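A.B. asks: Hey, dropping input_4.cif in here, mmCIF, C-alpha atoms and all ligand atoms:
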data_start
#
loop_
_atom_site.label_atom_id
_atom_site.label_comp_id
_atom_site.auth_asym_id
_atom_site.auth_seq_id
_atom_site.Cartn_x
_atom_site.Cartn_y
_atom_site.Cartn_z
CA MET A 1 -10.47 -18.48 17.79
CA GLY A 2 -10.01 -18.65 14.06
CA VAL A 3 -8.81 -16.69 11.07
CA ALA A 4 -11.18 -14.14 9.52
CA LEU A 5 -11.03 -14.20 5.71
CA PHE A 6 -12.29 -11.16 3.79
CA THR A 7 -12.53 -11.39 -0.01
CA LEU A 8 -12.45 -8.39 -2.33
CA GLY A 9 -11.99 -9.76 -5.85
CA GLY A 10 -8.99 -9.62 -8.16
CA THR A 11 -7.28 -12.32 -10.20
CA ILE A 12 -7.31 -14.79 -7.30
CA SER A 13 -11.09 -14.99 -7.56
CA MET A 14 -11.51 -14.89 -11.31
CA ALA A 15 -12.86 -17.65 -13.53
CA GLY A 16 -14.14 -17.95 -17.09
CA ARG A 17 -17.05 -15.86 -18.21
CA THR A 18 -20.15 -18.03 -18.64
CA GLY A 19 -20.50 -18.76 -22.37
CA GLY A 20 -17.84 -16.17 -23.09
CA GLY A 21 -14.41 -16.18 -24.68
CA GLY A 22 -11.12 -16.62 -22.90
CA GLU A 23 -11.48 -13.64 -20.58
CA VAL A 24 -11.89 -14.04 -16.84
CA VAL A 25 -14.07 -12.08 -14.44
CA THR A 26 -14.62 -12.29 -10.72
CA ARG A 27 -16.79 -15.30 -10.05
CA LEU A 28 -15.37 -17.07 -7.01
CA ASN A 29 -16.33 -16.26 -3.45
CA GLY A 30 -14.49 -17.00 -0.22
CA ALA A 31 -15.97 -20.48 0.12
CA ASP A 32 -14.80 -21.33 -3.42
CA LEU A 33 -11.31 -20.00 -2.67
CA ALA A 34 -11.08 -21.96 0.58
CA ALA A 35 -12.35 -25.14 -1.09
CA ALA A 36 -9.54 -24.92 -3.65
CA VAL A 37 -6.84 -25.07 -0.96
CA PRO A 38 -6.37 -28.62 0.28
CA GLY A 39 -4.06 -27.67 3.17
CA LEU A 40 -6.45 -25.12 4.61
CA THR A 41 -8.34 -27.78 6.53
CA GLY A 42 -5.06 -28.60 8.30
CA LEU A 43 -4.83 -25.06 9.64
CA GLY A 44 -6.15 -26.35 12.92
CA MET A 45 -8.67 -23.56 13.34
CA PRO A 46 -11.84 -22.39 11.65
CA LEU A 47 -11.91 -19.92 8.79
CA ASP A 48 -14.60 -17.28 9.20
CA ILE A 49 -15.43 -16.08 5.67
CA HIS A 50 -16.73 -12.61 4.79
CA ASP A 51 -17.32 -11.81 1.11
CA ILE A 52 -17.05 -8.04 0.91
CA GLU A 53 -17.02 -6.73 -2.64
CA ALA A 54 -15.85 -8.57 -5.74
CA VAL A 55 -14.18 -5.70 -7.56
CA PRO A 56 -10.93 -5.33 -9.50
CA SER A 57 -8.46 -3.71 -7.16
CA ALA A 58 -8.29 -0.66 -9.42
CA ASN A 59 -11.80 0.20 -8.16
CA LEU A 60 -10.91 0.19 -4.46
CA THR A 61 -11.04 3.44 -2.52
CA PHE A 62 -9.68 4.71 0.80
CA ALA A 63 -13.23 4.52 2.13
CA ASN A 64 -13.50 0.84 1.08
CA ILE A 65 -10.28 -0.01 2.86
CA LEU A 66 -11.13 1.91 6.03
CA ALA A 67 -14.50 0.11 6.11
CA LEU A 68 -12.62 -3.18 5.71
CA VAL A 69 -10.36 -2.26 8.63
CA ASP A 70 -13.49 -1.63 10.72
CA SER A 71 -14.92 -5.04 9.80
CA ALA A 72 -11.61 -6.75 10.47
CA SER A 73 -11.37 -4.98 13.83
CA ARG A 74 -14.79 -6.30 14.76
CA ALA A 75 -13.67 -9.82 13.82
CA VAL A 76 -10.58 -9.49 16.01
CA ARG A 77 -12.59 -8.12 18.91
CA ALA A 78 -14.92 -11.12 18.47
CA GLY A 79 -11.93 -13.45 18.89
CA ALA A 80 -10.18 -13.89 15.51
CA CYS A 81 -6.46 -14.48 15.96
CA GLY A 82 -5.65 -12.94 12.60
CA VAL A 83 -7.09 -11.55 9.37
CA VAL A 84 -6.55 -12.50 5.73
CA VAL A 85 -7.71 -10.31 2.86
CA THR A 86 -7.71 -11.46 -0.75
CA GLN A 87 -7.73 -8.73 -3.37
CA GLY A 88 -6.32 -7.77 -6.74
CA THR A 89 -2.59 -7.24 -6.80
CA ASP A 90 -2.58 -3.96 -8.71
CA THR A 91 -3.21 -1.70 -5.73
CA LEU A 92 -2.20 -4.13 -3.00
CA GLU A 93 1.00 -2.27 -2.08
CA GLU A 94 -1.12 0.83 -1.42
CA THR A 95 -3.99 -0.81 0.43
CA ALA A 96 -1.52 -2.73 2.62
CA PHE A 97 0.23 0.49 3.63
CA LEU A 98 -3.08 2.25 4.27
CA VAL A 99 -4.16 -0.59 6.55
CA ASP A 100 -0.79 -0.62 8.28
CA LEU A 101 -1.08 3.07 9.17
CA VAL A 102 -4.36 2.59 11.02
CA TRP A 103 -4.47 -1.06 12.14
CA PRO A 104 -4.67 -0.86 15.95
CA HIS A 105 -4.29 -4.56 16.87
CA THR A 106 -1.38 -6.92 17.46
CA GLU A 107 -3.24 -9.60 15.49
CA PRO A 108 -1.76 -9.92 12.00
CA PHE A 109 -3.55 -8.37 9.03
CA VAL A 110 -2.35 -10.32 5.99
CA LEU A 111 -3.09 -9.37 2.38
CA THR A 112 -2.64 -11.66 -0.58
CA GLY A 113 -3.84 -12.32 -4.12
CA ALA A 114 -2.69 -14.08 -7.25
CA MET A 115 -0.94 -13.37 -10.52
CA ARG A 116 -2.19 -16.45 -12.39
CA ASN A 117 -5.95 -16.82 -12.41
CA PRO A 118 -7.52 -20.15 -11.41
CA THR A 119 -8.05 -21.23 -15.04
CA LEU A 120 -4.28 -21.27 -15.71
CA ALA A 121 -1.78 -24.06 -15.08
CA GLY A 122 0.15 -23.34 -11.90
CA ALA A 123 -2.36 -20.84 -10.53
CA ASP A 124 -0.72 -19.29 -7.48
CA GLY A 125 -3.85 -18.20 -5.58
CA PRO A 126 -4.33 -21.37 -3.50
CA ALA A 127 -0.70 -21.45 -2.33
CA ASN A 128 -0.78 -17.73 -1.53
CA LEU A 129 -4.02 -18.08 0.40
CA LEU A 130 -2.67 -21.00 2.41
CA ALA A 131 0.59 -19.18 3.23
CA ALA A 132 -1.38 -16.07 4.18
CA ALA A 133 -3.74 -18.04 6.43
CA ARG A 134 -0.81 -19.78 8.12
CA THR A 135 0.83 -16.42 8.77
CA ALA A 136 -2.41 -14.94 10.12
CA ALA A 137 -2.84 -17.96 12.39
CA SER A 138 0.72 -17.92 13.68
CA PRO A 139 1.95 -16.21 16.84
CA ALA A 140 4.98 -15.26 14.72
CA GLY A 141 2.81 -12.84 12.76
CA ARG A 142 1.70 -10.85 15.80
CA GLY A 143 2.67 -7.23 16.28
CA LEU A 144 3.91 -6.77 12.71
CA GLY A 145 0.96 -4.76 11.41
CA ALA A 146 -0.16 -5.32 7.82
CA LEU A 147 1.77 -7.95 5.90
CA VAL A 148 1.76 -9.03 2.28
CA VAL A 149 2.24 -12.78 1.97
CA PHE A 150 2.90 -13.87 -1.60
CA ASN A 151 5.06 -16.52 -3.26
CA ASP A 152 5.94 -17.88 0.22
CA GLU A 153 7.50 -14.53 1.15
CA ILE A 154 6.35 -12.27 3.97
CA HIS A 155 6.67 -8.55 3.27
CA ALA A 156 6.09 -5.60 5.58
CA ALA A 157 3.44 -3.23 4.21
CA ARG A 158 5.84 -0.32 4.77
CA TRP A 159 8.32 -1.61 2.22
CA VAL A 160 6.49 -3.84 -0.25
CA ARG A 161 6.16 -2.99 -3.95
CA LYS A 162 4.52 -4.61 -6.95
CA THR A 163 7.54 -4.83 -9.24
CA HIS A 164 6.41 -6.86 -12.24
CA SER A 165 3.22 -6.86 -14.31
CA THR A 166 2.91 -10.66 -14.65
CA SER A 167 5.50 -12.52 -12.56
CA THR A 168 4.31 -14.61 -9.61
CA ALA A 169 7.33 -13.14 -7.79
CA THR A 170 6.03 -9.63 -8.39
CA PHE A 171 6.00 -8.55 -4.74
CA ALA A 172 9.36 -7.43 -3.44
CA SER A 173 10.72 -5.04 -0.87
CA PRO A 174 13.61 -3.42 -2.75
CA ASN A 175 14.87 -1.48 0.27
CA THR A 176 14.85 -4.33 2.76
CA GLY A 177 13.95 -7.69 1.25
CA PRO A 178 11.15 -9.79 2.72
CA ILE A 179 10.90 -9.79 6.50
CA GLY A 180 10.22 -13.52 6.49
CA HIS A 181 9.43 -16.67 4.57
CA VAL A 182 6.89 -19.44 4.85
CA VAL A 183 9.08 -22.53 5.16
CA GLU A 184 7.49 -25.97 5.02
CA GLY A 185 4.25 -24.23 5.88
CA ARG A 186 5.71 -22.43 8.89
CA PRO A 187 6.00 -18.63 8.91
CA ARG A 188 9.57 -17.69 9.84
CA ILE A 189 10.06 -14.00 10.67
CA LEU A 190 13.65 -12.83 10.17
CA THR A 191 13.30 -9.22 11.22
CA ALA A 192 10.47 -7.10 12.59
CA PRO A 193 9.56 -3.80 10.90
CA VAL A 194 9.36 -0.61 12.93
CA ARG A 195 5.67 0.31 12.98
CA ARG A 196 4.45 3.88 12.74
CA ARG A 197 0.78 4.68 12.84
CA THR A 198 -1.38 7.68 11.97
CA PRO A 199 -4.68 8.71 13.51
CA TYR A 200 -7.71 7.14 11.86
CA PRO A 201 -9.47 9.90 9.86
CA ARG A 202 -13.18 10.57 9.54
CA PRO A 203 -14.05 8.92 6.19
CA GLU A 204 -16.07 12.01 5.17
CA ALA A 205 -12.93 14.11 5.51
CA LEU A 206 -11.24 12.17 2.70
CA ASP A 207 -13.19 14.21 0.13
CA GLU A 208 -11.56 17.34 1.46
CA ALA A 209 -8.13 15.79 1.21
CA ARG A 210 -7.35 15.56 -2.49
CA VAL A 211 -3.74 14.60 -2.97
CA ALA A 212 -2.21 14.51 -6.44
CA LEU A 213 0.89 12.58 -7.41
CA HIS A 214 3.02 13.92 -10.22
CA THR A 215 5.97 12.03 -11.68
CA VAL A 216 8.56 14.38 -13.12
CA THR A 217 9.75 13.44 -16.62
CA LEU A 218 12.24 14.63 -19.21
CA ASP A 219 11.42 18.05 -20.66
CA GLU A 220 8.71 18.53 -18.07
CA ASP A 221 5.76 20.82 -18.78
CA ALA A 222 5.31 23.15 -15.80
CA GLU A 223 1.83 24.17 -16.95
CA LEU A 224 0.66 20.58 -16.69
CA VAL A 225 2.04 20.34 -13.16
CA ALA A 226 0.24 23.57 -12.24
CA ALA A 227 -3.01 22.16 -13.69
CA VAL A 228 -2.65 18.94 -11.69
CA ALA A 229 -2.01 20.91 -8.50
CA GLU A 230 -4.85 23.37 -9.08
CA ALA A 231 -7.62 21.30 -7.51
CA SER A 232 -5.44 19.58 -4.89
CA HIS A 233 -4.98 20.07 -1.16
CA GLY A 234 -1.62 18.34 -1.24
CA LEU A 235 0.90 17.21 -3.83
CA VAL A 236 3.47 14.44 -3.96
CA VAL A 237 6.26 14.97 -6.46
CA ALA A 238 8.13 11.90 -7.70
CA GLY A 239 11.35 13.58 -8.70
CA PHE A 240 14.39 12.30 -10.56
CA GLY A 241 16.97 10.28 -8.64
CA VAL A 242 17.61 11.69 -5.18
CA GLY A 243 14.78 14.24 -5.52
CA HIS A 244 15.57 16.57 -8.39
CA VAL A 245 13.35 18.47 -10.84
CA PRO A 246 14.15 20.75 -13.81
CA SER A 247 15.12 24.22 -12.62
CA GLU A 248 12.09 25.71 -14.45
CA LEU A 249 9.82 23.73 -12.13
CA ALA A 250 11.49 24.77 -8.87
CA GLY A 251 9.76 28.16 -8.63
CA LEU A 252 6.32 26.70 -9.30
CA LEU A 253 6.78 23.97 -6.68
CA GLY A 254 7.94 26.59 -4.17
CA THR A 255 4.82 28.67 -4.87
CA LEU A 256 2.60 25.60 -4.49
CA ALA A 257 4.36 24.70 -1.23
CA GLU A 258 3.22 28.07 0.17
CA ARG A 259 -0.42 27.06 -0.15
CA MET A 260 -0.33 23.28 0.51
CA PRO A 261 2.03 20.50 1.57
CA VAL A 262 4.25 19.37 -1.31
CA VAL A 263 6.19 16.19 -0.57
CA LEU A 264 9.35 15.30 -2.45
CA THR A 265 9.98 11.63 -3.26
CA SER A 266 12.03 9.68 -5.78
CA ARG A 267 10.65 8.08 -8.90
CA THR A 268 13.44 5.45 -8.94
CA GLY A 269 11.61 2.73 -6.97
CA SER A 270 13.97 2.38 -4.05
CA GLY A 271 16.35 4.38 -1.92
CA SER A 272 15.86 7.73 -0.22
CA VAL A 273 15.62 11.27 -1.49
CA LEU A 274 18.57 13.25 -0.12
CA ARG A 275 18.49 16.36 2.06
CA HIS A 276 21.70 18.34 1.76
CA THR A 277 23.98 17.02 -0.99
CA TYR A 278 23.11 18.93 -4.18
CA GLY A 279 22.68 22.69 -4.33
CA ALA A 280 21.56 23.52 -7.90
CA VAL A 281 18.20 25.11 -8.61
CA GLY A 282 15.74 22.19 -8.63
CA SER A 283 17.94 20.02 -6.41
CA GLU A 284 16.70 18.42 -3.19
CA ALA A 285 18.33 21.07 -0.99
CA ASP A 286 16.94 23.90 -3.13
CA LEU A 287 13.43 22.41 -3.11
CA GLN A 288 13.48 22.03 0.66
CA ARG A 289 14.53 25.68 1.02
CA ARG A 290 11.46 26.48 -1.08
CA GLY A 291 9.25 24.67 1.41
CA LEU A 292 8.96 21.13 0.02
CA ILE A 293 8.73 18.36 2.60
CA ASN A 294 11.27 15.54 2.36
CA GLY A 295 9.62 12.13 1.82
CA GLY A 296 12.74 10.19 2.83
CA LEU A 297 12.48 6.51 1.99
CA LEU A 298 8.76 6.57 1.30
CA ASP A 299 8.00 5.74 -2.31
CA PRO A 300 5.62 8.16 -4.11
CA TYR A 301 2.55 5.92 -3.75
CA LYS A 302 3.02 5.44 -0.04
CA ALA A 303 3.80 9.12 0.46
CA ARG A 304 0.46 9.93 -1.17
CA ILE A 305 -1.37 7.52 1.15
CA LEU A 306 0.25 9.06 4.22
CA LEU A 307 -0.31 12.65 3.11
CA ARG A 308 -3.99 12.02 2.34
CA LEU A 309 -4.58 10.37 5.71
CA LEU A 310 -2.81 13.21 7.48
CA LEU A 311 -4.81 15.90 5.68
CA ALA A 312 -8.06 14.02 6.25
CA GLY A 313 -7.11 13.83 9.92
CA GLY A 314 -6.77 17.62 10.04
CA ALA A 315 -2.97 17.76 10.29
CA ASP A 316 -1.48 21.21 9.79
CA ARG A 317 1.79 21.87 7.98
CA ALA A 318 3.90 21.34 11.10
CA ALA A 319 2.18 18.04 11.81
CA VAL A 320 2.61 16.89 8.19
CA THR A 321 6.30 17.82 8.27
CA ALA A 322 6.79 16.01 11.57
CA ALA A 323 4.97 12.92 10.30
CA PHE A 324 7.15 12.69 7.19
CA ALA A 325 10.27 13.18 9.27
CA ASP A 326 9.11 10.20 11.33
CA HIS A 327 7.73 7.91 8.59
CA GLY A 328 10.15 8.83 5.82
N1 LIG B 1 -6.17 -6.40 -12.31
C1 LIG B 1 -6.16 -7.33 -11.20
C2 LIG B 1 -6.56 -6.56 -9.94
O1 LIG B 1 -5.71 -5.92 -9.35
C3 LIG B 1 -4.84 -7.94 -11.10
C4 LIG B 1 -4.68 -8.95 -9.99
O2 LIG B 1 -5.55 -9.27 -9.23
O3 LIG B 1 -3.56 -9.43 -9.89
O4 LIG B 1 -7.70 -6.60 -9.58
#
Kindly present the structure from the file in structure tokens form.

C.D. replies:
Amino acid sequence: MGVALFTLGGTISMAGRTGGGGEVVTRLNGADLAAAVPGLTGLGMPLDIHDIEAVPSANLTFANILALVDSASRAVRAGACGVVVTQGTDTLEETAFLVDLVWPHTEPFVLTGAMRNPTLAGADGPANLLAAARTAASPAGRGLGALVVFNDEIHAARWVRKTHSTSTATFASPNTGPIGHVVEGRPRILTAPVRRRTPYPRPEALDEARVALHTVTLDEDAELVAAVAEASHGLVVAGFGVGHVPSELAGLLGTLAERMPVVLTSRTGSGSVLRHTYGAVGSEADLQRRGLINGGLLDPYKARILLRLLLAGGADRAAVTAAFADHG
């Protein structure tokens, strides 16, 4: 029994370029990361290290993450009591949610990274890795799905967001707050998230499930929205406030909703889109009458993850609608 550590790159594993200027690139592997964390030896169990792919998190794909889930599953079946993944923070809120939707085990799947690279004073990677490993090793982490452990906070994948471009406190769950904290090295869970899963898709089917995300902005250009939707099999709309768009866009979105699922979310960053409060053309109630699917509390990025997995899994419109009613 031990913790399986998978490394993917990102700031946590970056160091100075050999002979180069002040820029950092990925140079550290899992053994280097573990060696930089004094407390890790006190974990009381072995760390089984797997270096996967040292890429910036912007380069990660659904296929990468599903392959990682497969590898992590094998580690759990071989006896690991939990999994830690280090990766870049930029896409971590999305990868965590993707994992959470398909992770079939009670063993914790913990993702972490760093905001300050190892060449900077106060680099946060070692502390984040230690807190993540402690959470993965703890019985308290079981049954909670994918977790993001960062800055001594424990966040549920369902709710976590990257909220700041540089702060070490960037990860937050605006709708709920963290579900726990690592206190004096001990993971303390305050509340357990409700877990909802989706069927694991065939990775090849992802190519046939192109889902666009469009954020509605002031003086929106409907032609641009139509162009974005043209090559898509599904569309997520990040609307204003509670789920509103300019009235000129309402007809187009209704037409698109006749040929593919169009999910309505809010661009605000927290809170739910509404269902039956506003009645103007382009309001949430109007858009639903035109066939848009209500994304509820799912933020646009997470809605896109869910919709793509559903489409890749062969879900029809009724199944997509039912899934968003459940997850949203
Ligand atoms: N650009 C980096 C990445 O996501 C940022 C980070 O790791 O925090 O790979």

A.B. asks: As an exercise, work out the distance from atom CA of A:Glu107 to atom CA of A:Gly143 in Å and give it to one decimal place.

C.D. replies: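 Separation between atom CA of A:Glu107 and atom CA of A:Gly143: 6.4 Å.
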
A.B. asks: Which is closest to ligand LIG 1 (chain B) among A:Gly42, A:Gly21, A:Gly82, A:Pro118, if we use only C-alpha atoms and all ligand atoms?

C.D. replies: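 For ligand LIG 1 (chain B), the nearest of the given residues is A:Pro118.
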
A.B. asks: I'd like the interatomic distance between atom CA of A:Ala72 and atom CA of A:Ala212, to a tenth of an Å.

C.D. replies: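 Between atom CA of A:Ala72 and atom CA of A:Ala212 the gap works out to 28.7 Å.
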
A.B. asks: Of the residues A:Leu235, A:Ala285, A:Met14, A:Ala257, which is the one nearest to A:Leu120, using all atoms listed in the file?

C.D. replies: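 Ranking A:Leu235, A:Ala285, A:Met14, A:Ala257 by distance to A:Leu120, first place goes to A:Met14.
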
A.B. asks: When you draw a straight line from atom CA of A:Val242 to atom CA of A:Ser266, how long is it in Å?

C.D. replies: 6.0 Å

A.B. asks: Pick out the residues sitting within 9 Å of A:Ala312, and hand them over as a PyMOL selection string; count all atoms listed in the file, and ignore anything fewer than 3 positions along from it in its own chain.

C.D. replies: chain A and resi 200-210+307-309+315

A.B. asks: 6 Å from ligand LIG 1 (chain B) is the threshold here; counting all atoms listed in the file, which polymer residues fall inside it? Answer as a list of chain:residue names.

C.D. replies: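 Counting only what the definition allows, namely all atoms listed in the file, the set is A:Gly10, A:Thr11, A:Pro56, A:Ser57, A:Ala58, A:Gly88, A:Thr89, A:Asp90, A:Ala114, A:Met115.
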
A.B. asks: Taking all atoms listed in the file into account, which of A:Ala303, A:Ala192, A:Leu98, A:Ala222 comes nearest A:Pro246?

C.D. replies: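 Once distances to A:Pro246 are computed over all atoms listed in the file, the minimum belongs to A:Ala222.
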
A.B. asks: With 9 Å as the threshold, what does the neighbourhood of (-0.6, 3.2, -5.9) contain in terms of residues, counting only C-alpha atoms? Coordinates are those of the file; answer as a ChimeraX atom specification.

C.D. replies: /A:90-95,300-302,304-305

A.B. asks: Find the residue from A:Leu274, A:Ile49, A:Val245, A:Ala34 that sits nearest to A:Pro126; use all atoms listed in the file when measuring.

C.D. replies: A:Ala34

A.B. asks: Quick one: residues within 8 Å of stretch 324-326 of chain A, only C-alpha atoms, excluding same-chain residues fewer than 5 positions away - as a PDB file with C-alpha atoms, in the frame of the given file?

C.D. replies:
ATOM      1  CA  ARG A 196       4.450   3.880  12.740  1.00  0.00           C
ATOM      2  CA  ILE A 293       8.730  18.360   2.600  1.00  0.00           C
ATOM      3  CA  ASN A 294      11.270  15.540   2.360  1.00  0.00           C
ATOM      4  CA  GLY A 295       9.620  12.130   1.820  1.00  0.00           C
ATOM      5  CA  GLY A 296      12.740  10.190   2.830  1.00  0.00           C
TER       6      GLY A 296
END

A.B. asks: Would you please work out which residue, of A:Leu252, A:Leu292, A:Leu297, A:Met1, is nearest to A:Ser272 when using only C-alpha atoms?

C.D. replies: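 Using only C-alpha atoms, A:Ser272 sits closest to A:Leu297.
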
A.B. asks: Looking at only C-alpha atoms, which of A:Ala35, A:Leu264, A:Met45, A:Ser247 is the one that sits closest to A:Gly279?

C.D. replies: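 Ranking A:Ala35, A:Leu264, A:Met45, A:Ser247 by distance to A:Gly279, first place goes to A:Ser247.
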
A.B. asks: Can you tell me which residues surround A:Ala136 at a distance of at most 8 Å, considering only C-alpha atoms, apart from same-chain residues fewer than 2 positions away, and format the answer as number ranges by chain?

C.D. replies: A: 3, 81-84, 107-110, 132-134, 138, 141

A.B. asks: Box in all listed atoms of stretch 181-199 of chain A, axis-aligned, with 4 Å more on each side; write out centre and edge lengths in Å to one decimal as lines of an AutoDock Vina configuration file.

C.D. replies:
center_x = 4.5
center_y = -8.6
center_z = 9.0
size_x = 26.3
size_y = 42.7
size_z = 16.9

A.B. asks: Identify, on the basis of all atoms listed in the file, every residue whose closest approach to A:Ala156 does not exceed 6 Å; exclude the query and any residue fewer than 2 positions from it along the same chain; express the result as a list of chain:residue names.

C.D. replies: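 Once the nearby chain positions are removed, what remains is A:Leu147, A:Arg158, A:Trp159.
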
A.B. asks: Please list as a list in words every residue within 10 Å of A:Arg116, counting all atoms listed in the file and excluding residues in the same chain fewer than 3 positions away.

C.D. replies: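 Contacts, with the query itself left out: Thr11, Ile12, Met14, Gly113, Thr119, Leu120, Ala121, Gly122, Ala123, Asp124, Gly125, Thr166, Ser167 and Thr168 of chain A.
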
A.B. asks: Rebuild N, CA and C atoms on stretch 279-303 of chain A, as an mmCIF file, in the coordinates of the input?

C.D. replies:
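Result file rebuild03.cif:
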data_model
loop_
_atom_site.group_PDB
_atom_site.id
_atom_site.type_symbol
_atom_site.label_atom_id
_atom_site.label_comp_id
_atom_site.auth_asym_id
_atom_site.auth_seq_id
_atom_site.Cartn_x
_atom_site.Cartn_y
_atom_site.Cartn_z
ATOM 1 N N GLY A 279 23.123 21.315 -4.595
ATOM 2 C CA GLY A 279 22.680 22.690 -4.330
ATOM 3 C C GLY A 279 22.110 23.431 -5.513
ATOM 4 N N ALA A 280 22.053 22.815 -6.721
ATOM 5 C CA ALA A 280 21.560 23.520 -7.900
ATOM 6 C C ALA A 280 20.081 23.855 -7.764
ATOM 7 N N VAL A 281 19.629 24.811 -8.571
ATOM 8 C CA VAL A 281 18.200 25.110 -8.610
ATOM 9 C C VAL A 281 17.461 23.842 -9.067
ATOM 10 N N GLY A 282 16.466 23.426 -8.303
ATOM 11 C CA GLY A 282 15.740 22.190 -8.630
ATOM 12 C C GLY A 282 16.291 20.963 -7.925
ATOM 13 N N SER A 283 17.383 21.156 -7.165
ATOM 14 C CA SER A 283 17.940 20.020 -6.410
ATOM 15 C C SER A 283 17.155 19.824 -5.123
ATOM 16 N N GLU A 284 17.437 18.727 -4.420
ATOM 17 C CA GLU A 284 16.700 18.420 -3.190
ATOM 18 C C GLU A 284 16.877 19.514 -2.121
ATOM 19 N N ALA A 285 18.095 20.041 -2.006
ATOM 20 C CA ALA A 285 18.330 21.070 -0.990
ATOM 21 C C ALA A 285 17.588 22.359 -1.360
ATOM 22 N N ASP A 286 17.641 22.701 -2.651
ATOM 23 C CA ASP A 286 16.940 23.900 -3.130
ATOM 24 C C ASP A 286 15.425 23.764 -2.905
ATOM 25 N N LEU A 287 14.884 22.599 -3.239
ATOM 26 C CA LEU A 287 13.430 22.410 -3.110
ATOM 27 C C LEU A 287 13.001 22.468 -1.649
ATOM 28 N N GLN A 288 13.826 21.948 -0.773
ATOM 29 C CA GLN A 288 13.480 22.030 0.660
ATOM 30 C C GLN A 288 13.516 23.479 1.131
ATOM 31 N N ARG A 289 14.488 24.254 0.647
ATOM 32 C CA ARG A 289 14.530 25.680 1.020
ATOM 33 C C ARG A 289 13.270 26.385 0.528
ATOM 34 N N ARG A 290 12.690 25.878 -0.546
ATOM 35 C CA ARG A 290 11.460 26.480 -1.080
ATOM 36 C C ARG A 290 10.213 25.956 -0.375
ATOM 37 N N GLY A 291 10.396 25.094 0.594
ATOM 38 C CA GLY A 291 9.250 24.670 1.410
ATOM 39 C C GLY A 291 8.758 23.262 1.159
ATOM 40 N N LEU A 292 9.407 22.508 0.232
ATOM 41 C CA LEU A 292 8.960 21.130 0.020
ATOM 42 C C LEU A 292 9.339 20.265 1.215
ATOM 43 N N ILE A 293 8.526 19.265 1.459
ATOM 44 C CA ILE A 293 8.730 18.360 2.600
ATOM 45 C C ILE A 293 9.438 17.105 2.085
ATOM 46 N N ASN A 294 10.473 16.693 2.790
ATOM 47 C CA ASN A 294 11.270 15.540 2.360
ATOM 48 C C ASN A 294 10.537 14.234 2.667
ATOM 49 N N GLY A 295 10.325 13.404 1.626
ATOM 50 C CA GLY A 295 9.620 12.130 1.820
ATOM 51 C C GLY A 295 10.515 10.987 2.264
ATOM 52 N N GLY A 296 11.815 11.226 2.358
ATOM 53 C CA GLY A 296 12.740 10.190 2.830
ATOM 54 C C GLY A 296 12.690 8.932 1.989
ATOM 55 N N LEU A 297 12.499 7.816 2.661
ATOM 56 C CA LEU A 297 12.480 6.510 1.990
ATOM 57 C C LEU A 297 11.097 6.105 1.503
ATOM 58 N N LEU A 298 10.106 6.941 1.755
ATOM 59 C CA LEU A 298 8.760 6.570 1.300
ATOM 60 C C LEU A 298 8.669 6.692 -0.213
ATOM 61 N N ASP A 299 8.170 5.640 -0.867
ATOM 62 C CA ASP A 299 8.000 5.740 -2.310
ATOM 63 C C ASP A 299 6.802 6.673 -2.588
ATOM 64 N N PRO A 300 6.660 7.167 -3.820
ATOM 65 C CA PRO A 300 5.620 8.160 -4.110
ATOM 66 C C PRO A 300 4.203 7.698 -3.749
ATOM 67 N N TYR A 301 3.910 6.419 -4.007
ATOM 68 C CA TYR A 301 2.550 5.920 -3.750
ATOM 69 C C TYR A 301 2.250 5.907 -2.247
ATOM 70 N N LYS A 302 3.228 5.490 -1.496
ATOM 71 C CA LYS A 302 3.020 5.440 -0.040
ATOM 72 C C LYS A 302 2.997 6.851 0.548
ATOM 73 N N ALA A 303 3.819 7.723 -0.009
ATOM 74 C CA ALA A 303 3.800 9.120 0.460
ATOM 75 C C ALA A 303 2.420 9.722 0.239
#
